file entry_24.cif (mmCIF, N, CA and C atoms)
data_structure
loop_
_atom_site.label_atom_id
_atom_site.label_comp_id
_atom_site.auth_asym_id
_atom_site.auth_seq_id
_atom_site.Cartn_x
_atom_site.Cartn_y
_atom_site.Cartn_z
N MET A 1 63.11 141.51 102.26
CA MET A 1 63.36 141.14 103.63
C MET A 1 62.37 141.91 104.51
N LYS A 2 61.86 141.23 105.51
CA LYS A 2 60.92 141.87 106.42
C LYS A 2 61.66 142.69 107.46
N ILE A 3 61.03 143.75 107.91
CA ILE A 3 61.62 144.65 108.90
C ILE A 3 61.84 143.91 110.23
N GLY A 4 60.91 143.07 110.62
CA GLY A 4 61.02 142.32 111.87
C GLY A 4 62.22 141.38 111.85
N THR A 5 62.44 140.72 110.73
CA THR A 5 63.58 139.82 110.60
C THR A 5 64.89 140.60 110.67
N MET A 6 64.90 141.76 110.06
CA MET A 6 66.11 142.58 110.07
C MET A 6 66.46 143.04 111.49
N PHE A 7 65.46 143.48 112.26
CA PHE A 7 65.71 143.91 113.64
C PHE A 7 66.14 142.74 114.53
N ARG A 8 65.55 141.57 114.30
CA ARG A 8 65.95 140.38 115.07
C ARG A 8 67.42 140.03 114.79
N ASP A 9 67.83 140.06 113.53
CA ASP A 9 69.22 139.79 113.18
C ASP A 9 70.17 140.84 113.75
N LEU A 10 69.73 142.08 113.73
CA LEU A 10 70.55 143.17 114.26
C LEU A 10 70.78 143.01 115.77
N THR A 11 69.72 142.75 116.52
CA THR A 11 69.87 142.59 117.97
C THR A 11 70.67 141.35 118.31
N THR A 12 70.52 140.27 117.55
CA THR A 12 71.30 139.06 117.77
C THR A 12 72.78 139.33 117.53
N SER A 13 73.09 140.10 116.51
CA SER A 13 74.48 140.42 116.19
C SER A 13 75.13 141.29 117.26
N LEU A 14 74.37 142.15 117.88
CA LEU A 14 74.91 143.01 118.92
C LEU A 14 75.20 142.25 120.22
N VAL A 15 74.48 141.18 120.48
CA VAL A 15 74.60 140.45 121.74
C VAL A 15 75.62 139.31 121.64
N LYS A 16 75.64 138.58 120.54
CA LYS A 16 76.52 137.41 120.40
C LYS A 16 77.95 137.82 120.06
N LYS A 17 78.89 136.92 120.40
CA LYS A 17 80.28 137.10 120.00
C LYS A 17 80.41 136.84 118.50
N PRO A 18 81.37 137.47 117.86
CA PRO A 18 81.54 137.20 116.42
C PRO A 18 82.07 135.79 116.19
N ILE A 19 81.69 135.23 115.07
CA ILE A 19 82.13 133.88 114.72
C ILE A 19 83.50 133.91 114.02
N THR A 20 83.85 135.03 113.47
CA THR A 20 85.10 135.17 112.73
C THR A 20 86.30 134.87 113.62
N GLU A 21 87.22 134.07 113.09
CA GLU A 21 88.46 133.77 113.81
C GLU A 21 89.54 134.76 113.38
N ARG A 22 90.35 135.17 114.31
CA ARG A 22 91.41 136.13 114.02
C ARG A 22 92.63 135.34 113.55
N TYR A 23 92.58 134.87 112.30
CA TYR A 23 93.55 133.89 111.80
C TYR A 23 95.03 134.28 111.90
N PRO A 24 95.51 135.32 111.34
CA PRO A 24 96.96 135.48 111.42
C PRO A 24 97.47 135.67 112.85
N GLN A 25 96.65 136.28 113.70
CA GLN A 25 97.08 136.51 115.07
C GLN A 25 96.92 135.26 115.93
N VAL A 26 95.85 134.51 115.73
CA VAL A 26 95.58 133.30 116.51
C VAL A 26 95.56 132.13 115.54
N ARG A 27 96.54 131.25 115.67
CA ARG A 27 96.63 130.11 114.76
C ARG A 27 96.32 128.82 115.51
N LYS A 28 95.48 128.03 114.89
CA LYS A 28 95.15 126.73 115.46
C LYS A 28 96.10 125.68 114.90
N LYS A 29 96.23 124.61 115.62
CA LYS A 29 97.05 123.49 115.15
C LYS A 29 96.35 122.83 113.97
N GLY A 30 97.14 122.38 113.01
CA GLY A 30 96.58 121.72 111.84
C GLY A 30 95.96 120.39 112.20
N PRO A 31 95.06 119.88 111.38
CA PRO A 31 94.42 118.60 111.67
C PRO A 31 95.40 117.43 111.58
N GLU A 32 95.03 116.35 112.20
CA GLU A 32 95.85 115.13 112.19
C GLU A 32 96.02 114.63 110.76
N GLY A 33 97.25 114.30 110.38
CA GLY A 33 97.52 113.77 109.06
C GLY A 33 97.64 114.82 107.97
N LEU A 34 97.74 116.08 108.33
CA LEU A 34 97.89 117.15 107.35
C LEU A 34 99.23 117.01 106.64
N ARG A 35 99.22 117.18 105.33
CA ARG A 35 100.46 117.09 104.55
C ARG A 35 100.90 118.49 104.17
N GLY A 36 101.97 118.93 104.80
CA GLY A 36 102.53 120.24 104.49
C GLY A 36 103.75 120.10 103.61
N ARG A 37 104.68 121.01 103.78
CA ARG A 37 105.90 121.01 102.98
C ARG A 37 106.78 119.81 103.31
N LEU A 38 107.57 119.41 102.36
CA LEU A 38 108.45 118.24 102.47
C LEU A 38 109.64 118.52 103.39
N ILE A 39 110.01 117.52 104.17
CA ILE A 39 111.21 117.59 105.03
C ILE A 39 112.17 116.52 104.54
N TYR A 40 113.43 116.88 104.38
CA TYR A 40 114.46 115.98 103.84
C TYR A 40 115.56 115.79 104.88
N HIS A 41 115.94 114.54 105.09
CA HIS A 41 117.03 114.19 106.01
C HIS A 41 118.21 113.70 105.17
N PRO A 42 119.19 114.58 104.86
CA PRO A 42 120.27 114.21 103.93
C PRO A 42 121.20 113.13 104.46
N GLN A 43 121.32 112.99 105.77
CA GLN A 43 122.23 111.99 106.32
C GLN A 43 121.74 110.56 106.07
N LYS A 44 120.45 110.38 105.80
CA LYS A 44 119.90 109.04 105.54
C LYS A 44 119.87 108.69 104.05
N CYS A 45 120.00 109.68 103.18
CA CYS A 45 119.82 109.49 101.74
C CYS A 45 121.00 108.72 101.13
N ILE A 46 120.66 107.76 100.26
CA ILE A 46 121.70 107.01 99.54
C ILE A 46 121.70 107.34 98.05
N GLY A 47 120.80 108.21 97.62
CA GLY A 47 120.76 108.64 96.22
C GLY A 47 120.12 107.65 95.28
N CYS A 48 119.18 106.85 95.75
CA CYS A 48 118.53 105.86 94.89
C CYS A 48 117.56 106.49 93.89
N GLU A 49 117.10 107.71 94.16
CA GLU A 49 116.22 108.50 93.30
C GLU A 49 114.85 107.89 93.06
N LEU A 50 114.39 107.03 93.96
CA LEU A 50 113.03 106.51 93.86
C LEU A 50 112.00 107.62 94.04
N CYS A 51 112.33 108.57 94.90
CA CYS A 51 111.42 109.70 95.13
C CYS A 51 111.23 110.51 93.85
N VAL A 52 112.30 110.67 93.10
CA VAL A 52 112.25 111.44 91.85
C VAL A 52 111.40 110.70 90.82
N MET A 53 111.60 109.40 90.71
CA MET A 53 110.86 108.61 89.72
C MET A 53 109.38 108.52 90.04
N ASP A 54 109.02 108.49 91.33
CA ASP A 54 107.62 108.30 91.71
C ASP A 54 106.84 109.60 91.91
N CYS A 55 107.49 110.73 91.84
CA CYS A 55 106.80 112.02 92.02
C CYS A 55 105.96 112.31 90.77
N PRO A 56 104.63 112.32 90.89
CA PRO A 56 103.80 112.54 89.71
C PRO A 56 103.89 113.96 89.15
N ALA A 57 104.30 114.92 89.94
CA ALA A 57 104.37 116.31 89.50
C ALA A 57 105.76 116.72 89.05
N GLY A 58 106.76 115.88 89.30
CA GLY A 58 108.13 116.24 88.95
C GLY A 58 108.66 117.37 89.81
N ALA A 59 108.25 117.40 91.06
CA ALA A 59 108.63 118.49 91.96
C ALA A 59 109.96 118.25 92.66
N ILE A 60 110.52 117.04 92.53
CA ILE A 60 111.76 116.69 93.24
C ILE A 60 112.85 116.35 92.24
N LYS A 61 114.05 116.84 92.51
CA LYS A 61 115.24 116.47 91.74
C LYS A 61 116.36 116.20 92.73
N ILE A 62 117.13 115.17 92.46
CA ILE A 62 118.31 114.88 93.27
C ILE A 62 119.52 115.34 92.47
N ILE A 63 120.33 116.18 93.09
CA ILE A 63 121.55 116.67 92.46
C ILE A 63 122.70 115.94 93.14
N VAL A 64 123.41 115.14 92.37
CA VAL A 64 124.50 114.31 92.90
C VAL A 64 125.81 115.07 92.81
N LEU A 65 126.43 115.26 93.94
CA LEU A 65 127.75 115.89 93.97
C LEU A 65 128.83 114.82 93.99
N ASP A 66 128.68 113.83 94.87
CA ASP A 66 129.61 112.71 94.96
C ASP A 66 128.85 111.53 95.54
N LYS A 67 128.54 110.55 94.67
CA LYS A 67 127.72 109.42 95.11
C LYS A 67 128.44 108.54 96.12
N SER A 68 129.75 108.35 95.96
CA SER A 68 130.48 107.50 96.89
C SER A 68 130.58 108.13 98.28
N ALA A 69 130.62 109.45 98.35
CA ALA A 69 130.68 110.15 99.64
C ALA A 69 129.29 110.51 100.15
N LYS A 70 128.25 110.09 99.41
CA LYS A 70 126.85 110.37 99.76
C LYS A 70 126.60 111.87 99.92
N GLN A 71 127.01 112.62 98.92
CA GLN A 71 126.76 114.05 98.90
C GLN A 71 125.68 114.34 97.87
N PHE A 72 124.49 114.62 98.37
CA PHE A 72 123.34 114.89 97.52
C PHE A 72 122.66 116.17 97.98
N VAL A 73 122.05 116.85 97.03
CA VAL A 73 121.22 118.01 97.33
C VAL A 73 119.86 117.73 96.69
N LEU A 74 118.81 117.94 97.46
CA LEU A 74 117.46 117.74 96.97
C LEU A 74 116.87 119.09 96.57
N SER A 75 116.46 119.20 95.32
CA SER A 75 115.79 120.40 94.83
C SER A 75 114.30 120.12 94.87
N TYR A 76 113.57 120.95 95.59
CA TYR A 76 112.14 120.73 95.82
C TYR A 76 111.37 121.96 95.37
N GLN A 77 110.47 121.79 94.42
CA GLN A 77 109.65 122.89 93.93
C GLN A 77 108.27 122.80 94.58
N VAL A 78 108.07 123.62 95.58
CA VAL A 78 106.85 123.58 96.38
C VAL A 78 105.63 123.91 95.52
N ASP A 79 105.78 124.81 94.56
CA ASP A 79 104.63 125.21 93.75
C ASP A 79 104.19 124.12 92.78
N ARG A 80 105.02 123.13 92.53
CA ARG A 80 104.63 122.01 91.66
C ARG A 80 104.13 120.81 92.45
N CYS A 81 104.41 120.78 93.73
CA CYS A 81 104.09 119.63 94.58
C CYS A 81 102.58 119.45 94.73
N LEU A 82 102.13 118.20 94.66
CA LEU A 82 100.72 117.87 94.83
C LEU A 82 100.40 117.49 96.28
N PHE A 83 101.43 117.37 97.11
CA PHE A 83 101.29 116.98 98.51
C PHE A 83 100.62 115.61 98.64
N CYS A 84 100.93 114.73 97.72
CA CYS A 84 100.34 113.39 97.72
C CYS A 84 101.13 112.42 98.60
N ALA A 85 102.34 112.79 98.96
CA ALA A 85 103.24 111.99 99.81
C ALA A 85 103.68 110.69 99.14
N GLN A 86 103.63 110.61 97.83
CA GLN A 86 104.11 109.43 97.13
C GLN A 86 105.62 109.28 97.30
N CYS A 87 106.34 110.38 97.33
CA CYS A 87 107.78 110.33 97.53
C CYS A 87 108.13 109.80 98.92
N VAL A 88 107.32 110.13 99.91
CA VAL A 88 107.54 109.65 101.27
C VAL A 88 107.32 108.14 101.32
N GLN A 89 106.29 107.67 100.64
CA GLN A 89 106.00 106.24 100.60
C GLN A 89 107.08 105.46 99.85
N SER A 90 107.65 106.06 98.81
CA SER A 90 108.65 105.39 97.98
C SER A 90 110.02 105.32 98.64
N CYS A 91 110.32 106.24 99.53
CA CYS A 91 111.64 106.30 100.14
C CYS A 91 111.80 105.16 101.13
N ARG A 92 112.72 104.28 100.85
CA ARG A 92 112.95 103.10 101.69
C ARG A 92 113.77 103.40 102.94
N HIS A 93 114.46 104.52 102.95
CA HIS A 93 115.39 104.82 104.03
C HIS A 93 114.89 105.90 104.99
N GLY A 94 113.67 106.37 104.79
CA GLY A 94 113.09 107.36 105.68
C GLY A 94 113.71 108.75 105.56
N CYS A 95 114.16 109.10 104.38
CA CYS A 95 114.79 110.41 104.16
C CYS A 95 113.76 111.53 104.06
N LEU A 96 112.55 111.20 103.67
CA LEU A 96 111.54 112.21 103.41
C LEU A 96 110.34 112.04 104.34
N GLU A 97 109.75 113.16 104.72
CA GLU A 97 108.50 113.16 105.46
C GLU A 97 107.76 114.46 105.16
N MET A 98 106.48 114.46 105.42
CA MET A 98 105.66 115.64 105.21
C MET A 98 105.46 116.36 106.54
N SER A 99 105.69 117.65 106.54
CA SER A 99 105.54 118.45 107.75
C SER A 99 104.06 118.70 108.02
N ALA A 100 103.66 118.52 109.27
CA ALA A 100 102.28 118.83 109.65
C ALA A 100 102.15 120.27 110.12
N ASP A 101 103.28 120.95 110.34
CA ASP A 101 103.25 122.31 110.86
C ASP A 101 103.47 123.37 109.79
N ASP A 102 104.19 123.05 108.74
CA ASP A 102 104.56 124.04 107.72
C ASP A 102 103.64 123.88 106.51
N TRP A 103 102.46 124.45 106.58
CA TRP A 103 101.49 124.31 105.49
C TRP A 103 101.00 125.65 104.95
N GLU A 104 101.43 126.74 105.52
CA GLU A 104 101.06 128.06 105.02
C GLU A 104 102.08 128.46 103.95
N LEU A 105 101.74 128.25 102.71
CA LEU A 105 102.72 128.35 101.64
C LEU A 105 102.42 129.46 100.63
N ALA A 106 101.64 130.42 101.00
CA ALA A 106 101.36 131.53 100.09
C ALA A 106 102.53 132.51 100.09
N ALA A 107 102.81 133.10 98.93
CA ALA A 107 103.91 134.06 98.82
C ALA A 107 103.66 134.99 97.64
N LEU A 108 104.35 136.10 97.64
CA LEU A 108 104.25 137.06 96.54
C LEU A 108 105.32 136.84 95.48
N ASN A 109 106.40 136.13 95.84
CA ASN A 109 107.54 135.94 94.96
C ASN A 109 107.67 134.45 94.65
N LYS A 110 107.74 134.09 93.38
CA LYS A 110 107.79 132.68 92.99
C LYS A 110 109.14 132.04 93.28
N GLN A 111 110.20 132.82 93.42
CA GLN A 111 111.53 132.25 93.64
C GLN A 111 111.64 131.49 94.96
N ILE A 112 110.87 131.86 95.95
CA ILE A 112 110.98 131.17 97.24
C ILE A 112 110.34 129.79 97.22
N PHE A 113 109.69 129.42 96.12
CA PHE A 113 109.07 128.11 96.02
C PHE A 113 110.05 127.02 95.58
N THR A 114 111.25 127.36 95.22
CA THR A 114 112.27 126.35 94.91
C THR A 114 113.22 126.29 96.09
N LEU A 115 113.20 125.14 96.77
CA LEU A 115 114.01 124.95 97.96
C LEU A 115 115.10 123.93 97.69
N TYR A 116 116.24 124.12 98.34
CA TYR A 116 117.36 123.18 98.23
C TYR A 116 117.66 122.65 99.62
N PHE A 117 117.64 121.32 99.74
CA PHE A 117 117.92 120.66 101.01
C PHE A 117 119.21 119.88 100.91
N GLY A 118 119.97 119.86 101.96
CA GLY A 118 121.21 119.12 102.03
C GLY A 118 122.16 119.81 102.99
N GLU A 119 123.40 119.35 102.97
CA GLU A 119 124.42 120.00 103.79
C GLU A 119 124.64 121.41 103.26
N GLU A 120 124.94 122.33 104.14
CA GLU A 120 125.03 123.75 103.78
C GLU A 120 126.06 124.02 102.68
N GLN A 121 127.23 123.42 102.78
CA GLN A 121 128.27 123.66 101.77
C GLN A 121 127.89 123.02 100.44
N ASP A 122 127.18 121.89 100.48
CA ASP A 122 126.74 121.25 99.24
C ASP A 122 125.70 122.11 98.53
N VAL A 123 124.78 122.67 99.29
CA VAL A 123 123.75 123.54 98.70
C VAL A 123 124.40 124.78 98.11
N ARG A 124 125.37 125.33 98.80
CA ARG A 124 126.07 126.51 98.29
C ARG A 124 126.76 126.18 96.96
N GLU A 125 127.36 125.00 96.87
CA GLU A 125 128.03 124.56 95.65
C GLU A 125 127.03 124.43 94.50
N VAL A 126 125.86 123.91 94.77
CA VAL A 126 124.83 123.77 93.75
C VAL A 126 124.35 125.13 93.29
N LEU A 127 124.12 126.03 94.23
CA LEU A 127 123.64 127.37 93.87
C LEU A 127 124.67 128.18 93.10
N ASP A 128 125.95 127.86 93.30
CA ASP A 128 127.00 128.53 92.54
C ASP A 128 127.14 127.95 91.13
N GLY A 129 126.45 126.84 90.85
CA GLY A 129 126.45 126.26 89.51
C GLY A 129 127.55 125.26 89.25
N LYS A 130 128.10 124.64 90.30
CA LYS A 130 129.20 123.70 90.10
C LYS A 130 128.74 122.25 90.02
N ALA A 131 127.44 121.98 90.16
CA ALA A 131 126.95 120.62 90.13
C ALA A 131 125.85 120.48 89.07
N LYS A 132 125.64 119.25 88.60
CA LYS A 132 124.64 118.97 87.59
C LYS A 132 123.55 118.11 88.17
N SER A 133 122.31 118.34 87.73
CA SER A 133 121.15 117.55 88.17
C SER A 133 121.11 116.26 87.38
N THR A 134 120.64 115.18 88.04
CA THR A 134 120.52 113.89 87.35
C THR A 134 119.13 113.68 86.80
N ALA A 135 118.17 114.48 87.22
CA ALA A 135 116.79 114.28 86.75
C ALA A 135 116.31 115.46 85.93
#

call {"tool": "encode", "arguments": {"input": "entry_24.cif", "output": "structure tokens"}}
result
Amino acid sequence: MKIGTMFRDLTTSLVKKPITERYPQVRKKGPEGLRGRLIYHPQKCIGCELCVMDCPAGAIKIIVLDKSAKQFVLSYQVDRCLFCAQCVQSCRHGCLEMSADDWELAALNKQIFTLYFGEEQDVREVLDGKAKSTA
């Protein structure tokens, strides 16, 4: 490297603002159409399990508590998800959608990557081991 080039770069660096973004402190909005974590609306679900059948990664399971009363819990493994949105396309009743805001999914503990969606008491029942998965 030439000395003249080095001094030119040094003086330019002292005068210009840094290009680095302060990411954790300053967060920008995600781009249009970003596919983040899955959102489940249990009140719309009828338990048809099309989302489970069409998920190429096997990241979704429907746990049926009572099909006639429409009591379902969705088990979602974020670490297995491909974020392809095939489950969203397959759902005829609009139960699933991809979040555009929740896309920062790094963690130190693998247990937080398994999420359970549904009514609070139904999820508690599943976590206590009183229900069986259909998939």

call {"tool": "residues_around", "arguments": {"input": "entry_24.cif", "residues": "Ile39 (chain A)", "least_positions_apart": "6", "cutoff": "12 Å", "atoms": "only C-alpha atoms", "output": "ChimeraX atom specification"}}
result
/A:60,74-76,78,83,85,87-88,94-103,115-118

call {"tool": "write_last_selection", "arguments": {"input": "entry_24.cif", "atoms": "N, CA and C atoms", "output": "PDB file, keeping the file's coordinate frame"}}
result
ATOM      1  N   ILE A  60     110.520 117.040  92.530  1.00  0.00           N
ATOM      2  CA  ILE A  60     111.760 116.690  93.240  1.00  0.00           C
ATOM      3  C   ILE A  60     112.850 116.350  92.240  1.00  0.00           C
ATOM      4  N   LEU A  74     118.810 117.940  97.460  1.00  0.00           N
ATOM      5  CA  LEU A  74     117.460 117.740  96.970  1.00  0.00           C
ATOM      6  C   LEU A  74     116.870 119.090  96.570  1.00  0.00           C
ATOM      7  N   SER A  75     116.460 119.200  95.320  1.00  0.00           N
ATOM      8  CA  SER A  75     115.790 120.400  94.830  1.00  0.00           C
ATOM      9  C   SER A  75     114.300 120.120  94.870  1.00  0.00           C
ATOM     10  N   TYR A  76     113.570 120.950  95.590  1.00  0.00           N
ATOM     11  CA  TYR A  76     112.140 120.730  95.820  1.00  0.00           C
ATOM     12  C   TYR A  76     111.370 121.960  95.370  1.00  0.00           C
ATOM     13  N   VAL A  78     108.070 123.620  95.580  1.00  0.00           N
ATOM     14  CA  VAL A  78     106.850 123.580  96.380  1.00  0.00           C
ATOM     15  C   VAL A  78     105.630 123.910  95.520  1.00  0.00           C
ATOM     16  N   PHE A  83     101.430 117.370  97.110  1.00  0.00           N
ATOM     17  CA  PHE A  83     101.290 116.980  98.510  1.00  0.00           C
ATOM     18  C   PHE A  83     100.620 115.610  98.640  1.00  0.00           C
ATOM     19  N   ALA A  85     102.340 112.790  98.960  1.00  0.00           N
ATOM     20  CA  ALA A  85     103.240 111.990  99.810  1.00  0.00           C
ATOM     21  C   ALA A  85     103.680 110.690  99.140  1.00  0.00           C
ATOM     22  N   CYS A  87     106.340 110.380  97.330  1.00  0.00           N
ATOM     23  CA  CYS A  87     107.780 110.330  97.530  1.00  0.00           C
ATOM     24  C   CYS A  87     108.130 109.800  98.920  1.00  0.00           C
ATOM     25  N   VAL A  88     107.320 110.130  99.910  1.00  0.00           N
ATOM     26  CA  VAL A  88     107.540 109.650 101.270  1.00  0.00           C
ATOM     27  C   VAL A  88     107.320 108.140 101.320  1.00  0.00           C
ATOM     28  N   GLY A  94     113.670 106.370 104.790  1.00  0.00           N
ATOM     29  CA  GLY A  94     113.090 107.360 105.680  1.00  0.00           C
ATOM     30  C   GLY A  94     113.710 108.750 105.560  1.00  0.00           C
ATOM     31  N   CYS A  95     114.160 109.100 104.380  1.00  0.00           N
ATOM     32  CA  CYS A  95     114.790 110.410 104.160  1.00  0.00           C
ATOM     33  C   CYS A  95     113.760 111.530 104.060  1.00  0.00           C
ATOM     34  N   LEU A  96     112.550 111.200 103.670  1.00  0.00           N
ATOM     35  CA  LEU A  96     111.540 112.210 103.410  1.00  0.00           C
ATOM     36  C   LEU A  96     110.340 112.040 104.340  1.00  0.00           C
ATOM     37  N   GLU A  97     109.750 113.160 104.720  1.00  0.00           N
ATOM     38  CA  GLU A  97     108.500 113.160 105.460  1.00  0.00           C
ATOM     39  C   GLU A  97     107.760 114.460 105.160  1.00  0.00           C
ATOM     40  N   MET A  98     106.480 114.460 105.420  1.00  0.00           N
ATOM     41  CA  MET A  98     105.660 115.640 105.210  1.00  0.00           C
ATOM     42  C   MET A  98     105.460 116.360 106.540  1.00  0.00           C
ATOM     43  N   SER A  99     105.690 117.650 106.540  1.00  0.00           N
ATOM     44  CA  SER A  99     105.540 118.450 107.750  1.00  0.00           C
ATOM     45  C   SER A  99     104.060 118.700 108.020  1.00  0.00           C
ATOM     46  N   ALA A 100     103.660 118.520 109.270  1.00  0.00           N
ATOM     47  CA  ALA A 100     102.280 118.830 109.650  1.00  0.00           C
ATOM     48  C   ALA A 100     102.150 120.270 110.120  1.00  0.00           C
ATOM     49  N   ASP A 101     103.280 120.950 110.340  1.00  0.00           N
ATOM     50  CA  ASP A 101     103.250 122.310 110.860  1.00  0.00           C
ATOM     51  C   ASP A 101     103.470 123.370 109.790  1.00  0.00           C
ATOM     52  N   ASP A 102     104.190 123.050 108.740  1.00  0.00           N
ATOM     53  CA  ASP A 102     104.560 124.040 107.720  1.00  0.00           C
ATOM     54  C   ASP A 102     103.640 123.880 106.510  1.00  0.00           C
ATOM     55  N   TRP A 103     102.460 124.450 106.580  1.00  0.00           N
ATOM     56  CA  TRP A 103     101.490 124.310 105.490  1.00  0.00           C
ATOM     57  C   TRP A 103     101.000 125.650 104.950  1.00  0.00           C
ATOM     58  N   LEU A 115     113.200 125.140  96.770  1.00  0.00           N
ATOM     59  CA  LEU A 115     114.010 124.950  97.960  1.00  0.00           C
ATOM     60  C   LEU A 115     115.100 123.930  97.690  1.00  0.00           C
ATOM     61  N   TYR A 116     116.240 124.120  98.340  1.00  0.00           N
ATOM     62  CA  TYR A 116     117.360 123.180  98.230  1.00  0.00           C
ATOM     63  C   TYR A 116     117.660 122.650  99.620  1.00  0.00           C
ATOM     64  N   PHE A 117     117.640 121.320  99.740  1.00  0.00           N
ATOM     65  CA  PHE A 117     117.920 120.660 101.010  1.00  0.00           C
ATOM     66  C   PHE A 117     119.210 119.880 100.910  1.00  0.00           C
ATOM     67  N   GLY A 118     119.970 119.860 101.960  1.00  0.00           N
ATOM     68  CA  GLY A 118     121.210 119.120 102.030  1.00  0.00           C
ATOM     69  C   GLY A 118     122.160 119.810 102.990  1.00  0.00           C
TER      70      GLY A 118
END

call {"tool": "atom_distance", "arguments": {"input": "entry_24.cif", "atom1": "atom C of Cys84 (chain A)", "atom2": "atom N of Val52 (chain A)"}}
result
12.6 Å

call {"tool": "select_by_dssp", "arguments": {"input": "entry_24.cif", "residues": "region 4-133 of chain A", "states": "strand (DSSP E or B)", "output": "ChimeraX atom specification"}}
result
/A:38-40,60-66,71-77,96-98,114-117,133

call {"tool": "closest_residue", "arguments": {"input": "entry_24.cif", "among": "A:Ile63, A:Leu82, A:Val126, A:Cys91", "to": "Arg35 (chain A)", "atoms": "all atoms listed in the file"}}
result
A:Leu82

call {"tool": "resolve_selection", "arguments": {"input": "entry_24.cif", "expression": "the PyMOL selection byres ((chain A and resi 44) around 8)", "output": "PyMOL selection string"}}
result
chain A and resi 40-43+45-47+93-96

call {"tool": "axis_aligned_box", "arguments": {"input": "entry_24.cif", "around": "region 88-92 of chain A", "padding_each_side": "8 Å", "output": "JSON"}}
result
{"center_x": 109.9, "center_y": 106.6, "center_z": 100.5, "size_x": 23.8, "size_y": 23.0, "size_z": 21.0}

call {"tool": "select_by_dssp", "arguments": {"input": "entry_24.cif", "residues": "region 50-101 of chain A", "states": "alpha helix (DSSP H)", "output": "PyMOL selection string"}}
result
chain A and resi 50-54+86-90

call {"tool": "atom_distance", "arguments": {"input": "entry_24.cif", "atom1": "CA of Val64 (chain A)", "atom2": "CA of Thr114 (chain A)"}}
result
17.3 Å

call {"tool": "residues_near_point", "arguments": {"input": "entry_24.cif", "point": "(110.7, 117.8, 91.1)", "cutoff": "5 Å", "atoms": "all atoms listed in the file", "output": "mmCIF file with N, CA and C atoms, keeping the file's coordinate frame"}}
result
data_model
loop_
_atom_site.group_PDB
_atom_site.id
_atom_site.type_symbol
_atom_site.label_atom_id
_atom_site.label_comp_id
_atom_site.auth_asym_id
_atom_site.auth_seq_id
_atom_site.Cartn_x
_atom_site.Cartn_y
_atom_site.Cartn_z
ATOM 1 N N GLY A 58 106.760 115.880 89.300
ATOM 2 C CA GLY A 58 108.130 116.240 88.950
ATOM 3 C C GLY A 58 108.660 117.370 89.810
ATOM 4 N N ALA A 59 108.250 117.400 91.060
ATOM 5 C CA ALA A 59 108.630 118.490 91.960
ATOM 6 C C ALA A 59 109.960 118.250 92.660
ATOM 7 N N ILE A 60 110.520 117.040 92.530
ATOM 8 C CA ILE A 60 111.760 116.690 93.240
ATOM 9 C C ILE A 60 112.850 116.350 92.240
ATOM 10 N N LYS A 61 114.050 116.840 92.510
ATOM 11 C CA LYS A 61 115.240 116.470 91.740
ATOM 12 C C LYS A 61 116.360 116.200 92.730
#

call {"tool": "atom_distance", "arguments": {"input": "entry_24.cif", "atom1": "atom N of Glu104 (chain A)", "atom2": "atom N of Cys81 (chain A)"}}
result
13.5 Å

call {"tool": "resolve_selection", "arguments": {"input": "entry_24.cif", "expression": "the PyMOL selection byres (((chain A and resi 125 and name CA) around 12) and name CA)", "output": "PyMOL selection string"}}
result
chain A and resi 63-66+71-73+116+118-124+126-132
